[in-house]
>>> print(open('target37.pdb').read())   # PDB, C-alpha atoms
MODEL        1
ATOM      1  CA  MET A 260      -3.996   6.087  16.836
ATOM      2  CA  GLY A 261      -5.491   5.203  20.177
ATOM      3  CA  GLN A 262      -7.711   2.413  18.867
ATOM      4  CA  GLN A 263      -7.222  -1.206  19.819
ATOM      5  CA  CYS A 264      -6.940  -3.974  17.277
ATOM      6  CA  ALA A 265      -6.475  -7.690  17.787
ATOM      7  CA  ASP A 266      -4.345  -7.825  14.606
ATOM      8  CA  VAL A 267      -1.400  -5.861  16.045
ATOM      9  CA  VAL A 268       1.454  -8.313  16.408
ATOM     10  CA  PHE A 269       3.297  -8.167  19.752
ATOM     11  CA  GLN A 270       1.184  -5.228  20.907
ATOM     12  CA  GLN A 271       1.204  -6.305  24.551
ATOM     13  CA  GLN A 272       4.978  -6.835  24.533
ATOM     14  CA  PHE A 273       5.566  -3.399  22.974
ATOM     15  CA  GLN A 274       3.275  -1.759  25.520
ATOM     16  CA  GLN A 275       5.231  -3.447  28.321
ATOM     17  CA  LEU A 276       8.507  -2.177  26.864
ATOM     18  CA  ALA A 277       7.070   1.346  26.693
ATOM     19  CA  GLN A 278       6.119   1.137  30.387
ATOM     20  CA  GLN A 279       9.465  -0.306  31.383
ATOM     21  CA  TYR A 280      11.660   2.065  29.334
ATOM     22  CA  PRO A 281      10.620   5.744  29.225
ATOM     23  CA  GLN A 282      12.712   6.365  26.083
ATOM     24  CA  PHE A 283      10.853   3.608  24.160
ATOM     25  CA  LYS A 284       7.810   4.779  22.226
ATOM     26  CA  PHE A 285       5.372   2.559  20.354
ATOM     27  CA  ASP A 286       2.625   3.914  18.086
ATOM     28  CA  VAL A 287       0.177   2.030  15.872
ATOM     29  CA  PHE A 288      -1.782   3.809  13.157
ATOM     30  CA  TYR A 289      -4.936   2.277  11.707
ATOM     31  CA  THR A 290      -5.275   3.527   8.133
ATOM     32  CA  GLN A 291      -7.807   0.974   6.918
ATOM     33  CA  GLN A 292     -10.373   1.121   9.726
ATOM     34  CA  ALA A 293     -13.064   3.684  10.422
ATOM     35  CA  PRO A 294     -12.214   6.230  11.624
ATOM     36  CA  ALA A 295      -8.950   5.995   9.692
ATOM     37  CA  ASP A 296      -5.661   7.541  10.740
ATOM     38  CA  ALA A 297      -3.801   9.477   8.040
ATOM     39  CA  ARG A 298      -1.267   7.634   5.932
ATOM     40  CA  LEU A 299       2.384   8.173   6.840
ATOM     41  CA  ASN A 300       3.440  11.707   5.898
ATOM     42  CA  THR A 301       5.561  14.612   7.157
ATOM     43  CA  GLU A 302       3.012  15.352   9.905
ATOM     44  CA  TYR A 303       4.286  12.246  11.740
ATOM     45  CA  LEU A 304       7.817  13.648  12.059
ATOM     46  CA  HIS A 305       6.784  15.655  15.143
ATOM     47  CA  LEU A 306       6.015  12.411  16.993
ATOM     48  CA  ILE A 307       9.708  11.587  17.301
ATOM     49  CA  LYS A 308      11.568  13.885  19.643
ATOM     50  CA  ASN A 309      15.221  14.285  18.734
ATOM     51  CA  LEU A 310      15.061  12.249  15.517
ATOM     52  CA  GLN A 311      18.824  12.525  14.955
ATOM     53  CA  GLN A 312      19.421  10.527  18.162
ATOM     54  CA  SER A 313      16.606   7.987  17.638
ATOM     55  CA  THR A 314      16.386   4.506  16.215
ATOM     56  CA  VAL A 315      13.272   4.044  14.083
ATOM     57  CA  TYR A 316      11.865   0.588  13.265
ATOM     58  CA  VAL A 317       9.481   0.269  10.337
ATOM     59  CA  CYS A 318       7.657  -2.789   9.006
ATOM     60  CA  GLY A 319       4.926  -2.896   6.367
ATOM     61  CA  PRO A 320       4.204  -2.991   2.638
ATOM     62  CA  SER A 321       7.029  -1.834   0.364
ATOM     63  CA  GLY A 322       5.391   1.516  -0.442
ATOM     64  CA  PHE A 323       4.976   2.321   3.257
ATOM     65  CA  VAL A 324       8.569   1.319   4.036
ATOM     66  CA  ALA A 325       9.906   3.438   1.144
ATOM     67  CA  THR A 326       7.965   6.467   2.441
ATOM     68  CA  ALA A 327       9.248   5.885   5.991
ATOM     69  CA  GLU A 328      12.835   5.556   4.766
ATOM     70  CA  GLN A 329      12.545   8.972   3.090
ATOM     71  CA  LEU A 330      10.798  10.648   6.026
ATOM     72  CA  PHE A 331      13.126   9.295   8.692
ATOM     73  CA  GLU A 332      16.396   9.457   6.737
ATOM     74  CA  ASN A 333      17.864  11.744   9.435
ATOM     75  CA  ALA A 334      17.349   9.219  12.219
ATOM     76  CA  LYS A 335      20.452   7.938  13.979
ATOM     77  CA  GLN A 336      19.410   4.454  12.834
ATOM     78  CA  LEU A 337      16.567   3.236  10.655
ATOM     79  CA  LYS A 338      15.692  -0.448  10.660
ATOM     80  CA  SER A 339      13.124  -1.427   8.057
ATOM     81  CA  GLU A 340      11.521  -4.538   6.651
ATOM     82  CA  ALA A 341       9.028  -4.711   3.788
ATOM     83  CA  PHE A 342       6.684  -7.660   3.521
ATOM     84  CA  SER A 343       5.836  -7.100  -0.141
ATOM     85  CA  LEU A 344       8.049  -6.638  -3.155
ATOM     86  CA  SER A 345       8.416  -3.243  -4.752
ATOM     87  CA  PRO A 346       7.089  -3.594  -8.286
ATOM     88  CA  ILE A 347       9.618  -2.595 -10.910
ATOM     89  CA  LYS A 348       8.091  -0.254 -13.443
ATOM     90  CA  SER A 349       9.296   0.143 -16.984
ATOM     91  CA  ASP A 350       8.011   2.522 -19.665
ATOM     92  CA  ASP A 351       4.409   2.777 -20.845
ATOM     93  CA  THR A 352       4.889   0.513 -23.845
ATOM     94  CA  GLY A 353       4.636  -3.232 -24.087
ATOM     95  CA  PHE A 354       2.456  -5.656 -22.188
ATOM     96  CA  VAL A 355       1.876  -6.749 -18.618
ATOM     97  CA  ASN A 356       0.439  -9.987 -17.314
ATOM     98  CA  VAL A 357      -2.749  -9.732 -15.290
ATOM     99  CA  THR A 358      -3.541 -12.740 -13.113
ATOM    100  CA  LEU A 359      -7.271 -13.100 -12.487
ATOM    101  CA  THR A 360      -7.684 -14.991  -9.212
ATOM    102  CA  LYS A 361     -11.389 -15.894  -9.478
ATOM    103  CA  SER A 362     -11.195 -17.275 -13.009
ATOM    104  CA  ASN A 363      -7.638 -18.610 -12.601
ATOM    105  CA  LYS A 364      -6.413 -16.985 -15.837
ATOM    106  CA  VAL A 365      -3.362 -14.987 -16.824
ATOM    107  CA  ILE A 366      -4.061 -12.379 -19.512
ATOM    108  CA  ALA A 367      -1.520 -10.165 -21.307
ATOM    109  CA  ILE A 368      -2.787  -6.601 -21.769
ATOM    110  CA  PRO A 369      -1.100  -3.495 -23.184
ATOM    111  CA  LYS A 370       0.309  -0.842 -20.900
ATOM    112  CA  GLY A 371      -1.042   2.688 -21.135
ATOM    113  CA  GLN A 372      -4.724   1.889 -21.517
ATOM    114  CA  ALA A 373      -7.455   1.158 -19.008
ATOM    115  CA  ILE A 374      -7.220  -2.325 -17.534
ATOM    116  CA  LEU A 375     -10.917  -2.844 -18.333
ATOM    117  CA  VAL A 376     -10.321  -2.172 -22.035
ATOM    118  CA  GLY A 377      -7.328  -4.514 -22.096
ATOM    119  CA  LEU A 378      -9.329  -7.305 -20.475
ATOM    120  CA  GLU A 379     -12.243  -6.773 -22.864
ATOM    121  CA  GLN A 380      -9.859  -7.034 -25.820
ATOM    122  CA  GLN A 381      -8.918 -10.480 -24.486
ATOM    123  CA  ASN A 382     -12.612 -11.514 -24.260
ATOM    124  CA  VAL A 383     -12.769 -11.100 -20.482
ATOM    125  CA  LYS A 384     -15.958  -9.255 -19.558
ATOM    126  CA  PRO A 385     -15.698  -7.895 -16.001
ATOM    127  CA  GLU A 386     -18.658  -6.100 -14.459
ATOM    128  CA  HIS A 387     -18.566  -2.360 -15.133
ATOM    129  CA  GLY A 388     -20.804   0.658 -15.447
ATOM    130  CA  CYS A 389     -19.872   4.274 -16.125
ATOM    131  CA  ARG A 390     -16.288   3.763 -17.425
ATOM    132  CA  MET A 391     -15.370   7.019 -15.638
ATOM    133  CA  GLY A 392     -14.438   5.737 -12.166
ATOM    134  CA  ILE A 393     -17.597   7.042 -10.536
ATOM    135  CA  CYS A 394     -19.986   4.122 -10.064
ATOM    136  CA  ASN A 395     -17.427   1.619  -8.670
ATOM    137  CA  LYS A 396     -19.116  -1.351 -10.415
ATOM    138  CA  CYS A 397     -15.738  -2.318 -11.879
ATOM    139  CA  ALA A 398     -13.883  -2.003  -8.569
ATOM    140  CA  CYS A 399     -12.021  -5.084  -7.405
ATOM    141  CA  ASN A 400      -9.215  -5.933  -5.015
ATOM    142  CA  LYS A 401      -5.710  -5.460  -6.405
ATOM    143  CA  VAL A 402      -3.724  -8.199  -4.687
ATOM    144  CA  GLN A 403      -0.380  -6.948  -5.978
ATOM    145  CA  GLY A 404       1.205  -4.828  -8.667
ATOM    146  CA  ALA A 405       1.534  -1.176  -9.559
ATOM    147  CA  THR A 406      -1.145   0.889 -11.283
ATOM    148  CA  GLN A 407      -1.632   4.472 -12.389
ATOM    149  CA  ASN A 408      -4.901   6.357 -12.381
ATOM    150  CA  LEU A 409      -5.596   7.713 -15.873
ATOM    151  CA  VAL A 410      -7.673  10.605 -14.487
ATOM    152  CA  ASN A 411      -5.334  12.109 -11.895
ATOM    153  CA  GLY A 412      -2.004  10.356 -12.577
ATOM    154  CA  GLN A 413      -1.793   8.942  -9.044
ATOM    155  CA  GLU A 414       0.337   5.807  -8.800
ATOM    156  CA  ASN A 415      -0.384   2.963  -6.398
ATOM    157  CA  ALA A 416       1.962   0.070  -5.668
ATOM    158  CA  GLU A 417       0.407  -0.982  -2.357
ATOM    159  CA  PRO A 418      -1.006  -4.513  -2.177
ATOM    160  CA  ASN A 419      -4.638  -5.239  -1.302
ATOM    161  CA  ASN A 420      -6.133  -1.957  -2.475
ATOM    162  CA  LEU A 421      -9.421  -1.244  -4.178
ATOM    163  CA  LEU A 422      -8.833  -0.864  -7.919
ATOM    164  CA  ARG A 423     -11.240   0.714 -10.388
ATOM    165  CA  ILE A 424     -10.168  -1.050 -13.571
ATOM    166  CA  CYS A 425     -11.983   1.403 -15.860
ATOM    167  CA  VAL A 426      -9.716   4.345 -14.952
ATOM    168  CA  ASN A 427      -6.422   2.660 -14.085
ATOM    169  CA  THR A 428      -3.622   1.325 -16.225
ATOM    170  CA  ALA A 429      -1.236  -1.462 -15.231
ATOM    171  CA  GLN A 430       2.340  -0.321 -14.648
ATOM    172  CA  THR A 431       3.614  -3.788 -13.722
ATOM    173  CA  ASP A 432       2.265  -7.309 -13.748
ATOM    174  CA  LEU A 433      -0.911  -7.426 -11.635
ATOM    175  CA  VAL A 434      -2.863  -9.897  -9.574
ATOM    176  CA  ILE A 435      -6.516  -8.867  -9.232
ATOM    177  CA  ASP A 436      -9.571 -10.553  -7.740
ATOM    178  CA  ILE A 437     -11.719 -10.986 -10.839
TER     179      ILE A 437
ENDMDL
END
>>> encode(input="target37.pdb", output="structure tokens")
Amino acid sequence: MGQQCADVVFQQQFQQLAQQYPQFKFDVFYTQQAPADARLNTEYLHLIKNLQQSTVYVCGPSGFVATAEQLFENAKQLKSEAFSLSPIKSDDTGFVNVTLTKSNKVIAIPKGQAILVGLEQQNVKPEHGCRMGICNKCACNKVQGATQNLVNGQENAEPNNLLRICVNTAQTDLVIDI
């Protein structure tokens, strides 16, 4: 918070509204720039005085919007819009399709195992190193889809995130930059 970014849509208009109307508050949090603001969590609840009488507007990726909807459920009104689909997860059996953007291929791999192993079984040989998630040689951009880290169990459904394919399993169909 407090940084300036040319990518903030309607920033000038929101700042004008905040100056014109004392009850209007506009905050932008930069979670993918250095230094990074914290991701949306319960600590942000204190920023809204009198939440039960406030209208909260939220726009962002589906995971962010889902978190905001839970955090601000006690707001008088909550208006939200997600600009990515929420992946629908099923069980850990079966197959998922992985779209490889650089090689323009779609590969079916089994759920429940490392994405790297699944790709290798389909004769796709991505760059990799340690196979433990440490060296980051296998890391690529996950354009969309849901994954689960096999080491710590953490799930990630956010688009455009760094994905270490050696220690993550696909939970839904994926699009990755390989």
>>> residues_around(input="target37.pdb", residues="range 396-401 of chain A", least_positions_apart="5", cutoff="10 Å", atoms="all atoms listed in the file", output="list of chain:residue names")
A:Leu359, A:Leu375, A:Pro385, A:Glu386, A:His387, A:Gly388, A:Cys389, A:Arg390, A:Thr406, A:Asn415, A:Ala416, A:Glu417, A:Pro418, A:Asn419, A:Asn420, A:Leu421, A:Leu422, A:Arg423, A:Ile424, A:Cys425, A:Val426, A:Leu433, A:Val434, A:Ile435, A:Asp436, A:Ile437
>>> closest_residue(input="target37.pdb", among="A:Val383, A:Ala293, A:Leu330, A:Ala429", to="Asn356 in chain A", atoms="all atoms listed in the file")
A:Ala429
>>> atom_distance(input="target37.pdb", atom1="CA of Val315 in chain A", atom2="CA of Phe285 in chain A")
10.2 Å
>>> resolve_selection(input="target37.pdb", expression="the PyMOL selection byres ((chain A and resi 341) around 12)", output="list of chain:residue names")
A:Tyr316, A:Val317, A:Cys318, A:Gly319, A:Pro320, A:Ser321, A:Gly322, A:Phe323, A:Val324, A:Ala325, A:Thr326, A:Ala327, A:Glu328, A:Lys338, A:Ser339, A:Glu340, A:Phe342, A:Ser343, A:Leu344, A:Ser345, A:Glu417, A:Pro418
>>> residues_around(input="target37.pdb", residues="Gln430 in chain A", least_positions_apart="2", cutoff="12 Å", atoms="all atoms listed in the file", output="PDB file with C-alpha atoms, in the coordinates of the input")
ATOM      1  CA  SER A 345       8.416  -3.243  -4.752  1.00  0.00           C
ATOM      2  CA  PRO A 346       7.089  -3.594  -8.286  1.00  0.00           C
ATOM      3  CA  ILE A 347       9.618  -2.595 -10.910  1.00  0.00           C
ATOM      4  CA  LYS A 348       8.091  -0.254 -13.443  1.00  0.00           C
ATOM      5  CA  SER A 349       9.296   0.143 -16.984  1.00  0.00           C
ATOM      6  CA  ASP A 350       8.011   2.522 -19.665  1.00  0.00           C
ATOM      7  CA  ASP A 351       4.409   2.777 -20.845  1.00  0.00           C
ATOM      8  CA  THR A 352       4.889   0.513 -23.845  1.00  0.00           C
ATOM      9  CA  GLY A 353       4.636  -3.232 -24.087  1.00  0.00           C
ATOM     10  CA  PHE A 354       2.456  -5.656 -22.188  1.00  0.00           C
ATOM     11  CA  VAL A 355       1.876  -6.749 -18.618  1.00  0.00           C
ATOM     12  CA  ASN A 356       0.439  -9.987 -17.314  1.00  0.00           C
ATOM     13  CA  VAL A 357      -2.749  -9.732 -15.290  1.00  0.00           C
ATOM     14  CA  ILE A 368      -2.787  -6.601 -21.769  1.00  0.00           C
ATOM     15  CA  PRO A 369      -1.100  -3.495 -23.184  1.00  0.00           C
ATOM     16  CA  LYS A 370       0.309  -0.842 -20.900  1.00  0.00           C
ATOM     17  CA  GLY A 371      -1.042   2.688 -21.135  1.00  0.00           C
ATOM     18  CA  GLN A 372      -4.724   1.889 -21.517  1.00  0.00           C
ATOM     19  CA  ALA A 373      -7.455   1.158 -19.008  1.00  0.00           C
ATOM     20  CA  ILE A 374      -7.220  -2.325 -17.534  1.00  0.00           C
ATOM     21  CA  GLN A 403      -0.380  -6.948  -5.978  1.00  0.00           C
ATOM     22  CA  GLY A 404       1.205  -4.828  -8.667  1.00  0.00           C
ATOM     23  CA  ALA A 405       1.534  -1.176  -9.559  1.00  0.00           C
ATOM     24  CA  THR A 406      -1.145   0.889 -11.283  1.00  0.00           C
ATOM     25  CA  GLN A 407      -1.632   4.472 -12.389  1.00  0.00           C
ATOM     26  CA  ASN A 408      -4.901   6.357 -12.381  1.00  0.00           C
ATOM     27  CA  LEU A 409      -5.596   7.713 -15.873  1.00  0.00           C
ATOM     28  CA  GLY A 412      -2.004  10.356 -12.577  1.00  0.00           C
ATOM     29  CA  GLN A 413      -1.793   8.942  -9.044  1.00  0.00           C
ATOM     30  CA  GLU A 414       0.337   5.807  -8.800  1.00  0.00           C
ATOM     31  CA  ASN A 415      -0.384   2.963  -6.398  1.00  0.00           C
ATOM     32  CA  ALA A 416       1.962   0.070  -5.668  1.00  0.00           C
ATOM     33  CA  ASN A 427      -6.422   2.660 -14.085  1.00  0.00           C
ATOM     34  CA  THR A 428      -3.622   1.325 -16.225  1.00  0.00           C
ATOM     35  CA  ASP A 432       2.265  -7.309 -13.748  1.00  0.00           C
ATOM     36  CA  LEU A 433      -0.911  -7.426 -11.635  1.00  0.00           C
TER      37      LEU A 433
END
>>> residues_around(input="target37.pdb", residues="Gln282 in chain A", least_positions_apart="2", cutoff="12 Å", atoms="all atoms listed in the file", output="compact mmCIF listing (two decimals) with C-alpha atoms, keeping the file's coordinate frame")
# COMPACT_ATOMS: atom_id res chain seq x y z
CA LEU A 276 8.51 -2.18 26.86
CA ALA A 277 7.07 1.35 26.69
CA GLN A 278 6.12 1.14 30.39
CA GLN A 279 9.46 -0.31 31.38
CA TYR A 280 11.66 2.06 29.33
CA LYS A 284 7.81 4.78 22.23
CA PHE A 285 5.37 2.56 20.35
CA ILE A 307 9.71 11.59 17.30
CA LYS A 308 11.57 13.88 19.64
CA ASN A 309 15.22 14.28 18.73
CA GLN A 312 19.42 10.53 18.16
CA SER A 313 16.61 7.99 17.64
CA THR A 314 16.39 4.51 16.22
>>> atom_distance(input="target37.pdb", atom1="CA of Val365 in chain A", atom2="CA of Leu378 in chain A")
10.4 Å
>>> atom_distance(input="target37.pdb", atom1="CA of Asn395 in chain A", atom2="CA of Asp266 in chain A")
28.3 Å
>>> build_atoms(input="target37.pdb", residues="range 392-406 of chain A", atoms="N, CA, C and O atoms", output="PDB file, keeping the file's coordinate frame")
ATOM      1  N   GLY A 392     -14.931   5.837 -13.537  1.00  0.00           N
ATOM      2  CA  GLY A 392     -14.438   5.737 -12.166  1.00  0.00           C
ATOM      3  C   GLY A 392     -15.378   6.272 -11.115  1.00  0.00           C
ATOM      4  O   GLY A 392     -14.954   6.528  -9.991  1.00  0.00           O
ATOM      5  N   ILE A 393     -16.642   6.454 -11.471  1.00  0.00           N
ATOM      6  CA  ILE A 393     -17.597   7.042 -10.536  1.00  0.00           C
ATOM      7  C   ILE A 393     -18.460   5.986  -9.854  1.00  0.00           C
ATOM      8  O   ILE A 393     -18.644   6.023  -8.644  1.00  0.00           O
ATOM      9  N   CYS A 394     -18.979   5.038 -10.611  1.00  0.00           N
ATOM     10  CA  CYS A 394     -19.986   4.122 -10.064  1.00  0.00           C
ATOM     11  C   CYS A 394     -19.406   2.977  -9.234  1.00  0.00           C
ATOM     12  O   CYS A 394     -20.120   2.342  -8.476  1.00  0.00           O
ATOM     13  N   ASN A 395     -18.124   2.682  -9.405  1.00  0.00           N
ATOM     14  CA  ASN A 395     -17.427   1.619  -8.670  1.00  0.00           C
ATOM     15  C   ASN A 395     -17.903   0.209  -8.990  1.00  0.00           C
ATOM     16  O   ASN A 395     -17.553  -0.729  -8.278  1.00  0.00           O
ATOM     17  N   LYS A 396     -18.695   0.012 -10.051  1.00  0.00           N
ATOM     18  CA  LYS A 396     -19.116  -1.351 -10.415  1.00  0.00           C
ATOM     19  C   LYS A 396     -17.938  -2.202 -10.866  1.00  0.00           C
ATOM     20  O   LYS A 396     -17.968  -3.412 -10.734  1.00  0.00           O
ATOM     21  N   CYS A 397     -16.904  -1.569 -11.395  1.00  0.00           N
ATOM     22  CA  CYS A 397     -15.738  -2.318 -11.879  1.00  0.00           C
ATOM     23  C   CYS A 397     -14.684  -2.523 -10.793  1.00  0.00           C
ATOM     24  O   CYS A 397     -13.675  -3.181 -11.030  1.00  0.00           O
ATOM     25  N   ALA A 398     -14.896  -1.956  -9.624  1.00  0.00           N
ATOM     26  CA  ALA A 398     -13.883  -2.003  -8.569  1.00  0.00           C
ATOM     27  C   ALA A 398     -13.660  -3.435  -8.094  1.00  0.00           C
ATOM     28  O   ALA A 398     -14.600  -4.201  -7.913  1.00  0.00           O
ATOM     29  N   CYS A 399     -12.399  -3.770  -7.918  1.00  0.00           N
ATOM     30  CA  CYS A 399     -12.021  -5.084  -7.405  1.00  0.00           C
ATOM     31  C   CYS A 399     -10.790  -4.916  -6.525  1.00  0.00           C
ATOM     32  O   CYS A 399     -10.183  -3.843  -6.479  1.00  0.00           O
ATOM     33  N   ASN A 400     -10.408  -5.967  -5.851  1.00  0.00           N
ATOM     34  CA  ASN A 400      -9.215  -5.933  -5.015  1.00  0.00           C
ATOM     35  C   ASN A 400      -7.986  -6.158  -5.883  1.00  0.00           C
ATOM     36  O   ASN A 400      -7.931  -7.111  -6.651  1.00  0.00           O
ATOM     37  N   LYS A 401      -7.005  -5.255  -5.768  1.00  0.00           N
ATOM     38  CA  LYS A 401      -5.710  -5.460  -6.405  1.00  0.00           C
ATOM     39  C   LYS A 401      -4.833  -6.167  -5.379  1.00  0.00           C
ATOM     40  O   LYS A 401      -4.451  -5.587  -4.374  1.00  0.00           O
ATOM     41  N   VAL A 402      -4.528  -7.411  -5.619  1.00  0.00           N
ATOM     42  CA  VAL A 402      -3.724  -8.199  -4.687  1.00  0.00           C
ATOM     43  C   VAL A 402      -2.280  -7.708  -4.687  1.00  0.00           C
ATOM     44  O   VAL A 402      -1.680  -7.524  -3.635  1.00  0.00           O
ATOM     45  N   GLN A 403      -1.735  -7.490  -5.886  1.00  0.00           N
ATOM     46  CA  GLN A 403      -0.380  -6.948  -5.978  1.00  0.00           C
ATOM     47  C   GLN A 403      -0.153  -6.353  -7.351  1.00  0.00           C
ATOM     48  O   GLN A 403      -0.865  -6.646  -8.300  1.00  0.00           O
ATOM     49  N   GLY A 404       0.849  -5.492  -7.428  1.00  0.00           N
ATOM     50  CA  GLY A 404       1.205  -4.828  -8.667  1.00  0.00           C
ATOM     51  C   GLY A 404       1.091  -3.326  -8.533  1.00  0.00           C
ATOM     52  O   GLY A 404       0.598  -2.806  -7.539  1.00  0.00           O
ATOM     53  N   ALA A 405       1.571  -2.635  -9.543  1.00  0.00           N
ATOM     54  CA  ALA A 405       1.534  -1.176  -9.559  1.00  0.00           C
ATOM     55  C   ALA A 405       0.596  -0.705 -10.658  1.00  0.00           C
ATOM     56  O   ALA A 405       0.601  -1.242 -11.761  1.00  0.00           O
ATOM     57  N   THR A 406      -0.192   0.318 -10.332  1.00  0.00           N
ATOM     58  CA  THR A 406      -1.145   0.889 -11.283  1.00  0.00           C
ATOM     59  C   THR A 406      -1.010   2.403 -11.282  1.00  0.00           C
ATOM     60  O   THR A 406      -0.442   2.993 -10.360  1.00  0.00           O
TER      61      THR A 406
END
